[in-house]
Each structure stands twice: as structure tokens, then as C-alpha cells.
$ cat run03.txt   # compact mmCIF, C-alpha atoms
# COMPACT_ATOMS: atom_id res chain seq x y z
CA MET A 141 -11.04 2.94 7.10
CA ALA A 142 -8.73 3.58 4.15
CA SER A 143 -10.27 5.08 1.02
CA ILE A 144 -9.32 4.67 -2.61
CA HIS A 145 -9.29 8.13 -4.16
CA TYR A 146 -9.35 9.23 -7.77
CA TYR A 147 -6.12 9.24 -9.81
CA HIS A 148 -3.65 11.94 -8.68
CA TYR A 149 -5.96 12.94 -5.81
CA HIS A 150 -3.09 13.38 -3.36
CA HIS A 151 -0.91 15.32 -5.79
CA GLU A 152 -3.74 17.68 -6.71
CA ASN A 153 -4.70 18.25 -3.09
CA GLY A 154 -1.23 19.23 -1.88
CA HIS A 155 -0.36 16.07 0.03
CA ASP A 156 2.69 16.59 2.25
CA TYR A 157 5.13 13.86 1.20
CA ILE A 158 6.97 13.29 4.49
CA LYS A 159 10.44 11.75 4.09
CA HIS A 160 11.35 8.88 6.40
CA ASN A 161 14.73 7.41 7.23
CA ALA A 162 16.19 4.96 9.71
CA ALA A 163 17.82 6.19 12.92
CA ASN A 164 21.22 7.87 12.44
CA GLU A 165 20.99 7.44 8.66
CA SER A 166 22.25 10.00 6.16
CA GLY A 167 23.24 10.18 2.52
CA SER A 168 20.62 7.77 1.19
CA PRO A 169 18.04 8.35 -1.54
CA TYR A 170 14.38 8.46 -0.58
CA LEU A 171 12.26 5.93 -2.45
CA GLY A 172 8.55 6.51 -3.00
CA ILE A 173 6.68 3.51 -4.38
CA GLU A 174 3.64 3.15 -6.62
CA LEU A 175 2.50 -0.47 -6.78
CA GLU A 176 -0.49 -1.47 -8.91
CA VAL A 177 -2.67 -4.46 -7.99
CA ASP A 178 -5.52 -5.88 -10.05
CA LYS A 179 -8.16 -8.62 -10.39
CA GLY A 180 -9.62 -8.16 -6.89
CA GLY A 181 -11.77 -5.03 -7.21
CA CYS A 182 -11.40 -1.34 -6.45
CA SER A 183 -12.22 -2.05 -2.83
CA ASP A 184 -11.82 0.20 0.23
CA ARG A 185 -12.04 -3.00 2.27
CA ALA A 186 -8.91 -4.39 0.57
CA ALA A 187 -7.08 -1.08 0.92
CA THR A 188 -7.95 -1.03 4.62
CA ALA A 189 -6.80 -4.63 5.10
CA PHE A 190 -3.43 -3.72 3.59
CA ASP A 191 -3.17 -0.41 5.45
CA GLU A 192 -3.83 -2.08 8.82
CA LYS A 193 -0.62 -4.10 8.50
CA PHE A 194 1.45 -0.91 8.79
CA ALA A 195 2.05 1.28 11.82
CA VAL A 196 4.11 4.37 11.02
CA ASP A 197 3.35 6.46 14.08
CA SER A 198 4.92 9.64 12.75
CA ASP A 199 2.90 9.52 9.53
CA PRO A 200 -0.76 8.42 9.53
CA GLU A 201 -0.77 8.83 5.74
CA TRP A 202 2.30 6.69 5.08
CA LEU A 203 0.14 4.76 2.61
CA MET A 204 -2.24 6.22 0.05
CA PHE A 205 -4.59 4.48 -2.38
CA GLU A 206 -5.79 5.69 -5.75
CA ASN A 207 -7.74 4.59 -8.77
CA ASP A 208 -5.82 4.04 -12.00
CA GLY A 209 -7.44 3.91 -15.41
CA SER A 210 -4.84 1.46 -16.71
CA LEU A 211 -6.15 -1.23 -14.36
CA ASP A 212 -9.09 -3.54 -15.05
CA ASN A 213 -10.35 -4.14 -11.53
CA GLY A 214 -7.89 -2.94 -8.92
CA PHE A 215 -6.10 0.05 -7.41
CA GLU A 216 -2.71 1.63 -6.83
CA ILE A 217 -0.81 1.58 -3.53
CA ILE A 218 1.38 4.65 -2.94
CA THR A 219 3.92 5.20 -0.15
CA ASN A 220 5.46 8.34 1.17
CA PRO A 221 9.22 8.48 0.47
CA GLY A 222 11.49 6.40 2.68
CA THR A 223 15.07 5.22 2.51
CA LEU A 224 15.80 1.60 1.65
CA ALA A 225 16.58 0.95 5.31
CA PHE A 226 13.24 2.43 6.35
CA HIS A 227 11.31 0.26 3.89
CA LYS A 228 13.27 -2.80 5.03
CA ALA A 229 12.34 -2.07 8.63
CA LEU A 230 8.71 -2.49 7.49
CA ARG A 231 9.39 -5.80 5.72
CA GLN A 232 7.07 -7.85 7.93
CA SER A 233 4.28 -5.36 7.28
CA TYR A 234 4.83 -5.62 3.52
CA GLU A 235 4.91 -9.42 3.68
CA ASP A 236 1.69 -9.56 5.71
CA GLY A 237 0.01 -6.99 3.46
CA PHE A 238 0.98 -8.75 0.23
CA ARG A 239 -0.19 -12.10 1.63
CA THR A 240 -3.52 -10.57 2.57
CA LEU A 241 -4.06 -9.14 -0.91
CA VAL A 242 -3.20 -12.47 -2.57
CA ARG A 243 -5.72 -14.23 -0.34
CA MET A 244 -8.33 -11.65 -1.37
CA GLY A 245 -7.74 -12.52 -5.02
CA TYR A 246 -5.41 -9.69 -6.03
CA ARG A 247 -2.50 -10.14 -8.39
CA SER A 248 0.22 -7.80 -9.65
CA PHE A 249 2.74 -9.87 -11.60
CA ASN A 250 0.18 -12.26 -13.06
CA THR A 251 -1.68 -9.52 -14.93
CA ASN A 252 -1.27 -7.58 -18.15
CA THR A 253 -1.81 -4.27 -16.40
CA CYS A 254 0.37 -3.77 -13.32
CA GLY A 255 3.67 -2.04 -12.79
CA MET A 256 5.84 -1.06 -9.85
CA HIS A 257 7.26 2.47 -10.07
CA VAL A 258 9.96 3.81 -7.77
CA HIS A 259 10.42 7.57 -7.38
CA VAL A 260 13.77 8.98 -6.18
CA ASN A 261 14.14 12.49 -4.80
CA ARG A 262 16.03 14.77 -7.18
CA ASP A 263 17.76 16.61 -4.34
CA PHE A 264 19.62 13.39 -3.48
CA PHE A 265 21.72 14.21 -6.55
CA GLY A 266 22.79 17.62 -5.22
CA ASP A 267 21.49 21.16 -5.54
CA TYR A 268 19.72 22.33 -8.65
CA ARG A 269 22.98 23.15 -10.48
CA GLU A 270 24.46 19.68 -9.79
CA GLN A 271 21.41 17.46 -10.19
CA ASN A 272 21.15 17.20 -13.93
CA SER A 273 24.72 16.04 -14.50
CA GLN A 274 24.19 13.26 -11.93
CA ILE A 275 20.79 12.30 -13.33
CA GLU A 276 22.42 12.07 -16.76
CA LYS A 277 24.58 9.27 -15.33
CA VAL A 278 21.46 7.42 -14.16
CA VAL A 279 20.06 7.69 -17.68
CA ALA A 280 23.37 6.46 -19.11
CA ILE A 281 23.23 3.38 -16.85
CA SER A 282 19.63 2.68 -17.84
CA GLU A 283 20.56 2.87 -21.54
CA LYS A 284 23.76 0.82 -21.22
CA PHE A 285 22.13 -1.97 -19.18
CA TYR A 286 18.61 -1.82 -20.56
CA ASP A 287 18.57 -5.51 -21.53
CA GLU A 288 19.74 -6.55 -18.06
CA LEU A 289 17.21 -4.21 -16.44
CA LEU A 290 14.48 -5.69 -18.62
CA THR A 291 15.32 -9.23 -17.48
CA PHE A 292 15.48 -8.07 -13.87
CA SER A 293 12.21 -6.14 -14.22
CA ARG A 294 10.11 -9.23 -15.02
CA ARG A 295 8.55 -7.43 -18.01
CA ASP A 296 8.64 -8.64 -21.61
CA MET A 297 9.81 -6.37 -24.42
CA ASP A 298 6.33 -5.51 -25.74
CA ASP A 299 5.15 -4.57 -22.27
CA ALA A 300 8.25 -2.48 -21.58
CA ASP A 301 8.01 -0.73 -24.93
CA SER A 302 4.53 0.48 -23.96
CA TRP A 303 5.25 1.57 -20.39
CA ALA A 304 9.02 1.80 -19.80
CA LYS A 305 10.86 2.07 -23.11
CA LYS A 306 14.52 2.60 -23.78
CA TRP A 307 15.26 6.20 -24.74
CA GLU A 308 17.49 5.20 -27.68
CA ASP A 309 19.22 8.57 -27.55
CA ASP A 310 22.33 10.23 -26.19
CA PRO A 311 21.90 10.76 -22.42
CA HIS A 312 23.18 14.34 -22.62
CA GLU A 313 20.60 15.21 -25.28
CA ILE A 314 17.88 13.60 -23.16
CA ILE A 315 18.85 15.86 -20.24
CA GLU A 316 18.86 18.89 -22.52
CA ASP A 317 15.32 18.01 -23.62
CA MET A 318 14.36 17.65 -19.93
CA GLU A 319 15.77 21.08 -19.12
CA ALA A 320 13.85 22.59 -22.04
CA GLU A 321 10.69 20.70 -20.99
CA GLU A 322 10.63 19.05 -24.40
CA LEU A 323 10.59 15.36 -23.43
CA ASP A 324 8.19 13.47 -25.68
CA THR A 325 7.07 10.80 -23.17
CA ARG A 326 6.96 9.78 -19.53
CA TYR A 327 6.74 6.10 -20.49
CA ALA A 328 10.49 5.55 -20.28
CA CYS A 329 12.65 3.23 -18.20
CA VAL A 330 13.60 6.31 -16.18
CA ASN A 331 10.89 8.95 -16.39
CA LEU A 332 12.34 12.47 -16.10
CA CYS A 333 9.08 14.41 -16.26
CA PRO A 334 8.27 14.76 -12.52
CA GLN A 335 9.43 18.05 -11.01
CA ASN A 336 10.84 16.76 -7.71
CA THR A 337 11.71 13.14 -8.49
CA ILE A 338 12.91 10.80 -11.18
CA GLU A 339 10.80 7.68 -11.66
CA PHE A 340 12.06 4.16 -12.38
CA ARG A 341 9.16 2.65 -14.36
CA ILE A 342 10.84 -0.52 -15.64
CA PHE A 343 9.57 -2.98 -13.02
CA LYS A 344 6.54 -5.20 -13.49
CA GLY A 345 4.22 -5.32 -10.50
CA THR A 346 4.73 -7.97 -7.84
CA LEU A 347 3.26 -9.20 -4.58
CA ASN A 348 6.36 -11.26 -3.85
CA PRO A 349 8.35 -9.51 -1.08
CA LYS A 350 11.66 -10.80 -2.49
CA SER A 351 10.98 -9.30 -5.93
CA PHE A 352 9.70 -6.12 -4.32
CA PHE A 353 12.77 -5.53 -2.16
CA ALA A 354 15.21 -6.63 -4.86
CA SER A 355 13.76 -3.89 -7.08
CA LEU A 356 14.17 -1.29 -4.34
CA GLU A 357 17.74 -2.39 -3.70
CA LEU A 358 18.65 -2.11 -7.37
CA VAL A 359 17.27 1.43 -7.63
CA ASN A 360 19.11 2.38 -4.44
CA ASN A 361 22.36 0.85 -5.74
CA ILE A 362 22.18 2.71 -9.06
CA CYS A 363 21.61 6.06 -7.37
CA VAL A 364 24.33 5.57 -4.75
CA TRP A 365 26.73 4.33 -7.44
CA VAL A 366 26.51 7.49 -9.55
CA MET A 367 27.12 9.66 -6.48
CA THR A 368 30.03 7.69 -5.00
CA LEU A 369 31.81 5.42 -7.50
CA TRP A 370 31.43 7.21 -10.82
CA PRO A 371 33.45 7.37 -13.11
CA MET A 372 34.68 3.92 -12.10
CA TRP A 373 33.84 1.57 -14.97
CA THR A 374 30.33 0.38 -14.26
CA ARG A 375 29.50 -3.30 -14.63
CA TRP A 376 26.10 -4.89 -14.13
CA SER A 377 27.60 -7.14 -11.45
CA GLY A 378 28.66 -4.01 -9.59
CA LEU A 379 25.13 -2.64 -9.57
CA THR A 380 23.59 -5.91 -8.36
CA SER A 381 26.24 -6.46 -5.69
CA SER A 382 27.27 -2.99 -4.63
CA THR A 383 30.35 -2.55 -2.45
CA VAL A 384 28.88 0.77 -1.37
CA THR A 385 25.47 -0.37 -0.16
CA LYS A 386 26.34 -3.98 0.74
CA SER A 387 23.16 -5.03 -1.12
CA ARG A 388 23.65 -8.38 -2.83
CA LEU A 389 21.08 -9.28 -5.45
CA SER A 390 22.77 -12.19 -7.20
CA GLY A 391 22.41 -15.93 -6.68
CA SER A 392 19.42 -17.98 -5.58
CA ALA A 393 17.61 -15.12 -3.85
CA LEU A 394 17.56 -13.14 -7.10
CA LYS A 395 16.29 -16.18 -9.04
CA ILE A 396 13.42 -16.51 -6.58
CA ALA A 397 12.76 -12.78 -6.89
CA LEU A 398 12.59 -13.07 -10.66
CA PHE A 399 10.51 -16.18 -11.12
CA THR A 400 8.19 -16.69 -8.13
CA ASN A 401 5.49 -14.04 -8.38
CA TYR A 402 1.83 -13.17 -7.87
$ encode --input "run03.txt" --output "C-alpha cells"
Amino acid sequence: MASIHYYHYHHENGHDYIKHNAANESGSPYLGIELEVDKGGCSDRAATAFDEKFAVDSDPEWLMFENDGSLDNGFEIITNPGTLAFHKALRQSYEDGFRTLVRMGYRSFNTNTCGMHVHVNRDFFGDYREQNSQIEKVVAISEKFYDELLTFSRRDMDDADSWAKKWEDDPHEIIEDMEAEELDTRYACVNLCPQNTIEFRIFKGTLNPKSFFASLELVNNICVWVMTLWPMWTRWSGLTSSTVTKSRLSGSALKIALFTNY
């Protein structure tokens, strides 16, 4: 039976975050997800019902569950890091798990409390000497397209300003503050405080698989873009329909992802 542990239990107890990718895959970022769900109770039974939909033979702790003080009556679902292709290979498990939680009374989008956070491994951006210049480009994209990201994220401005604000600063100066460990908040669109990852915090929670995977694809596209197409002039349409990743997020599927949620 799955157990819901206290906040940051796995981090404090030295959990081994195993990276997963699809067969013969290389050069992709690893995405670790934190998805908050609420309104259904902090229930080991619900966590177990969700966990049972997944079978990752090489990793019995692919999913973790923790309490979160920002929630009224729910819990946080945490995955080990996996590439976009690896997460997509588990799509049916996610769909079944989300459907189960909705039937048990849980909500993520239709709350005032839930977010979806996507962590990306820093070493995707190169060795220690290279990483910060590449991460600066991610910050630059998040600042340039903050309004578009906000629309995509399903959050309103007041909500985003509390949990995933725009930096409103020069990206290079933000990176300098990061290097000096002088950042004044982690509640930014792209949180730079974690030691081994950067964290996209902009997305509102969702139990709609289309919204969920659209968010993962956008994060993946941004990270691949800065490593492969920069300094090509970046347009929002390029990030949502990347020629590098072949991930198309425009059109009717994106509209469904944005507006049909639980």
C-alpha cells in the first residue's frame, strides 16, 4: 500500500532519483513532476489507487506521495525523472490514474490551491561551467513570453503572482544572483533555487491528461530549443510547435488542454 509521507520526506531521507528514458533515446531532458491534488482527503487509499495504475518494473518507487501544507485536503504526487518519451509511454496509466482520482472526488484545476511543477535536470544543459549560460536562456524565454506562458498555464495573474511570478529583471543579473545564492524567492515562473534541477512552477494543477502532457511538451520544447536552435530568433509559435521535438501544441488539442479541466 502506498503511503503519504510528510513534506520533503523523500528529499530529507536521501531518495535515489532514478532517471528513466525510452529505448535508444539520448539528448533529452529528464522531467520530474510534482502534481498537487485536493478536495478528496490526505488518503493512503487514494494514493494506492493511483499508484496501482503504474508498473515501472525497474523502479518500485517511480511514484512518491507527500503532504503539502498549501493544500486544504489533499496530497502531492511526485515522479522520479523521466524523459518526455518515457512519460508518454505511461500515458494510459496517467489517464487511468487521473480518472480514478476524479471519481474519488479529487480535483486539481478546480481548486484555489493546486499547481503542477516540472523539474528539469541541470546537467541537461552541459557541465557545471556551461549550465548557467544555457539556463539564462531559459529564463530569458520565460520573461519574454510570460504572458503567453500564463495563458497556457491555466493560472490567473493573482495566482501566478503568488506562486510563479515573473522575475521582472535582466536574465543575466538573475543568474548572477543564483550563482551568489542571493535569489529572493523560489516562487518564480522558473525557480532556480534547487541544486540539481530548475523548476517550472507556472502551471496550474490538472487531472486532464491533455493539459498534463501539453505542459510537459512545452517544458521539453523550451529546454531543447535553447540547446539546439539558439540564437535563432525565438517565437512563441516555435516553442509550441517545435521543429526539433516534433511536438505540436497548437490547434484544437491545445484548446481542449486549456479549457477542459478537473
$ closest_residue --input "run03.txt" --among "A:Arg231, A:Arg185, A:Lys277, A:His259" --to "Leu171 in chain A" --atoms "only C-alpha atoms"
A:His259
$ atom_distance --input "run03.txt" --atom1 "CA of Tyr157 in chain A" --atom2 "CA of Glu174 in chain A"
13.3 Å
$ atom_distance --input "run03.txt" --atom1 "CA of Val359 in chain A" --atom2 "CA of Ser168 in chain A"
11.4 Å
$ atom_distance --input "run03.txt" --atom1 "CA of Met204 in chain A" --atom2 "CA of Ile362 in chain A"
26.3 Å
$ residues_around --input "run03.txt" --residues "range 322-337 of chain A" --least-positions-apart "4" --cutoff "6 Å" --atoms "only C-alpha atoms" --output "number ranges by chain"
A: 259-262, 303-306, 317-318, 341-342
$ closest_residue --input "run03.txt" --among "A:Asn153, A:His160, A:Lys350, A:Lys179" --to "Asn250 in chain A" --atoms "only C-alpha atoms"
A:Lys179
$ closest_residue --input "run03.txt" --among "A:Thr253, A:Thr240, A:Leu230, A:Pro200" --to "Asp212 in chain A" --atoms "all atoms listed in the file"
A:Thr253
$ residues_around --input "run03.txt" --residues "Ile275 in chain A" --least-positions-apart "4" --cutoff "12 Å" --atoms "all atoms listed in the file" --output "PDB file with C-alpha atoms, in the frame of the given file"
ATOM      1  CA  VAL A 260      13.770   8.980  -6.180  1.00  0.00           C
ATOM      2  CA  ASN A 261      14.140  12.490  -4.800  1.00  0.00           C
ATOM      3  CA  ARG A 262      16.030  14.770  -7.180  1.00  0.00           C
ATOM      4  CA  ASP A 263      17.760  16.610  -4.340  1.00  0.00           C
ATOM      5  CA  PHE A 264      19.620  13.390  -3.480  1.00  0.00           C
ATOM      6  CA  PHE A 265      21.720  14.210  -6.550  1.00  0.00           C
ATOM      7  CA  GLY A 266      22.790  17.620  -5.220  1.00  0.00           C
ATOM      8  CA  ASP A 267      21.490  21.160  -5.540  1.00  0.00           C
ATOM      9  CA  TYR A 268      19.720  22.330  -8.650  1.00  0.00           C
ATOM     10  CA  ARG A 269      22.980  23.150 -10.480  1.00  0.00           C
ATOM     11  CA  GLU A 270      24.460  19.680  -9.790  1.00  0.00           C
ATOM     12  CA  GLN A 271      21.410  17.460 -10.190  1.00  0.00           C
ATOM     13  CA  VAL A 279      20.060   7.690 -17.680  1.00  0.00           C
ATOM     14  CA  ALA A 280      23.370   6.460 -19.110  1.00  0.00           C
ATOM     15  CA  ILE A 281      23.230   3.380 -16.850  1.00  0.00           C
ATOM     16  CA  SER A 282      19.630   2.680 -17.840  1.00  0.00           C
ATOM     17  CA  PRO A 311      21.900  10.760 -22.420  1.00  0.00           C
ATOM     18  CA  HIS A 312      23.180  14.340 -22.620  1.00  0.00           C
ATOM     19  CA  ILE A 314      17.880  13.600 -23.160  1.00  0.00           C
ATOM     20  CA  ILE A 315      18.850  15.860 -20.240  1.00  0.00           C
ATOM     21  CA  GLU A 316      18.860  18.890 -22.520  1.00  0.00           C
ATOM     22  CA  MET A 318      14.360  17.650 -19.930  1.00  0.00           C
ATOM     23  CA  GLU A 319      15.770  21.080 -19.120  1.00  0.00           C
ATOM     24  CA  VAL A 330      13.600   6.310 -16.180  1.00  0.00           C
ATOM     25  CA  ASN A 331      10.890   8.950 -16.390  1.00  0.00           C
ATOM     26  CA  LEU A 332      12.340  12.470 -16.100  1.00  0.00           C
ATOM     27  CA  THR A 337      11.710  13.140  -8.490  1.00  0.00           C
ATOM     28  CA  ILE A 338      12.910  10.800 -11.180  1.00  0.00           C
ATOM     29  CA  GLU A 339      10.800   7.680 -11.660  1.00  0.00           C
ATOM     30  CA  PHE A 340      12.060   4.160 -12.380  1.00  0.00           C
ATOM     31  CA  ILE A 362      22.180   2.710  -9.060  1.00  0.00           C
ATOM     32  CA  CYS A 363      21.610   6.060  -7.370  1.00  0.00           C
ATOM     33  CA  VAL A 364      24.330   5.570  -4.750  1.00  0.00           C
ATOM     34  CA  TRP A 365      26.730   4.330  -7.440  1.00  0.00           C
ATOM     35  CA  VAL A 366      26.510   7.490  -9.550  1.00  0.00           C
ATOM     36  CA  MET A 367      27.120   9.660  -6.480  1.00  0.00           C
TER      37      MET A 367
END
$ residues_near_point --input "run03.txt" --point "(0.0, -1.7, 4.8)" --cutoff "10 Å" --atoms "only C-alpha atoms" --output "PDB file with C-alpha atoms, keeping the file's coordinate frame"
ATOM      1  CA  ALA A 187      -7.080  -1.080   0.920  1.00  0.00           C
ATOM      2  CA  THR A 188      -7.950  -1.030   4.620  1.00  0.00           C
ATOM      3  CA  ALA A 189      -6.800  -4.630   5.100  1.00  0.00           C
ATOM      4  CA  PHE A 190      -3.430  -3.720   3.590  1.00  0.00           C
ATOM      5  CA  ASP A 191      -3.170  -0.410   5.450  1.00  0.00           C
ATOM      6  CA  GLU A 192      -3.830  -2.080   8.820  1.00  0.00           C
ATOM      7  CA  LYS A 193      -0.620  -4.100   8.500  1.00  0.00           C
ATOM      8  CA  PHE A 194       1.450  -0.910   8.790  1.00  0.00           C
ATOM      9  CA  ALA A 195       2.050   1.280  11.820  1.00  0.00           C
ATOM     10  CA  VAL A 196       4.110   4.370  11.020  1.00  0.00           C
ATOM     11  CA  TRP A 202       2.300   6.690   5.080  1.00  0.00           C
ATOM     12  CA  LEU A 203       0.140   4.760   2.610  1.00  0.00           C
ATOM     13  CA  MET A 204      -2.240   6.220   0.050  1.00  0.00           C
ATOM     14  CA  ILE A 217      -0.810   1.580  -3.530  1.00  0.00           C
ATOM     15  CA  THR A 219       3.920   5.200  -0.150  1.00  0.00           C
ATOM     16  CA  LEU A 230       8.710  -2.490   7.490  1.00  0.00           C
ATOM     17  CA  GLN A 232       7.070  -7.850   7.930  1.00  0.00           C
ATOM     18  CA  SER A 233       4.280  -5.360   7.280  1.00  0.00           C
ATOM     19  CA  TYR A 234       4.830  -5.620   3.520  1.00  0.00           C
ATOM     20  CA  GLU A 235       4.910  -9.420   3.680  1.00  0.00           C
ATOM     21  CA  ASP A 236       1.690  -9.560   5.710  1.00  0.00           C
ATOM     22  CA  GLY A 237       0.010  -6.990   3.460  1.00  0.00           C
ATOM     23  CA  PHE A 238       0.980  -8.750   0.230  1.00  0.00           C
ATOM     24  CA  THR A 240      -3.520 -10.570   2.570  1.00  0.00           C
TER      25      THR A 240
END
$ residues_around --input "run03.txt" --residues "Phe205 in chain A" --least-positions-apart "4" --cutoff "7 Å" --atoms "only C-alpha atoms" --output "PDB file with C-alpha atoms, keeping the file's coordinate frame"
ATOM      1  CA  SER A 143     -10.270   5.080   1.020  1.00  0.00           C
ATOM      2  CA  ILE A 144      -9.320   4.670  -2.610  1.00  0.00           C
ATOM      3  CA  HIS A 145      -9.290   8.130  -4.160  1.00  0.00           C
ATOM      4  CA  ALA A 187      -7.080  -1.080   0.920  1.00  0.00           C
ATOM      5  CA  PHE A 215      -6.100   0.050  -7.410  1.00  0.00           C
ATOM      6  CA  GLU A 216      -2.710   1.630  -6.830  1.00  0.00           C
ATOM      7  CA  ILE A 217      -0.810   1.580  -3.530  1.00  0.00           C
ATOM      8  CA  ILE A 218       1.380   4.650  -2.940  1.00  0.00           C
TER       9      ILE A 218
END
$ decode --input "run03.txt" --residues "range 291-306 of chain A" --atoms "N, CA and C atoms" --output "short mmCIF file (atom, residue, chain, number, x, y, z; two decimals), in the first residue's frame"
data_model
loop_
_atom_site.label_atom_id
_atom_site.label_comp_id
_atom_site.auth_asym_id
_atom_site.auth_seq_id
_atom_site.Cartn_x
_atom_site.Cartn_y
_atom_site.Cartn_z
N THR A 291 -1.18 32.34 -20.03
CA THR A 291 -2.39 31.83 -20.69
C THR A 291 -2.34 30.32 -20.80
N PHE A 292 -1.19 29.82 -21.25
CA PHE A 292 -1.02 28.37 -21.41
C PHE A 292 -1.13 27.65 -20.07
N SER A 293 -0.69 28.30 -19.00
CA SER A 293 -0.57 27.64 -17.69
C SER A 293 -1.90 27.37 -17.02
N ARG A 294 -2.95 28.07 -17.45
CA ARG A 294 -4.29 27.96 -16.87
C ARG A 294 -4.41 28.72 -15.54
N ARG A 295 -3.39 29.45 -15.13
CA ARG A 295 -3.46 30.27 -13.93
C ARG A 295 -3.98 31.66 -14.28
N ASP A 296 -4.53 32.38 -13.27
CA ASP A 296 -4.79 33.80 -13.45
C ASP A 296 -3.61 34.58 -12.86
N MET A 297 -3.60 35.89 -13.11
CA MET A 297 -2.44 36.70 -12.74
C MET A 297 -2.21 36.72 -11.23
N ASP A 298 -3.28 36.85 -10.44
CA ASP A 298 -3.12 36.90 -8.99
C ASP A 298 -2.52 35.59 -8.47
N ASP A 299 -2.99 34.49 -9.00
CA ASP A 299 -2.49 33.18 -8.60
C ASP A 299 -1.02 33.04 -8.97
N ALA A 300 -0.69 33.43 -10.19
CA ALA A 300 0.70 33.32 -10.65
C ALA A 300 1.62 34.23 -9.87
N ASP A 301 1.14 35.42 -9.51
CA ASP A 301 1.98 36.35 -8.78
C ASP A 301 2.34 35.82 -7.39
N SER A 302 1.50 34.93 -6.86
CA SER A 302 1.77 34.34 -5.55
C SER A 302 2.73 33.15 -5.66
N TRP A 303 2.60 32.36 -6.72
CA TRP A 303 3.31 31.08 -6.78
C TRP A 303 4.31 30.95 -7.91
N ALA A 304 4.21 31.79 -8.95
CA ALA A 304 5.05 31.61 -10.13
C ALA A 304 5.23 32.95 -10.85
N LYS A 305 5.77 33.93 -10.16
CA LYS A 305 5.79 35.29 -10.67
C LYS A 305 6.85 35.47 -11.76
N LYS A 306 6.67 36.54 -12.51
CA LYS A 306 7.69 36.98 -13.45
C LYS A 306 8.83 37.63 -12.68
#
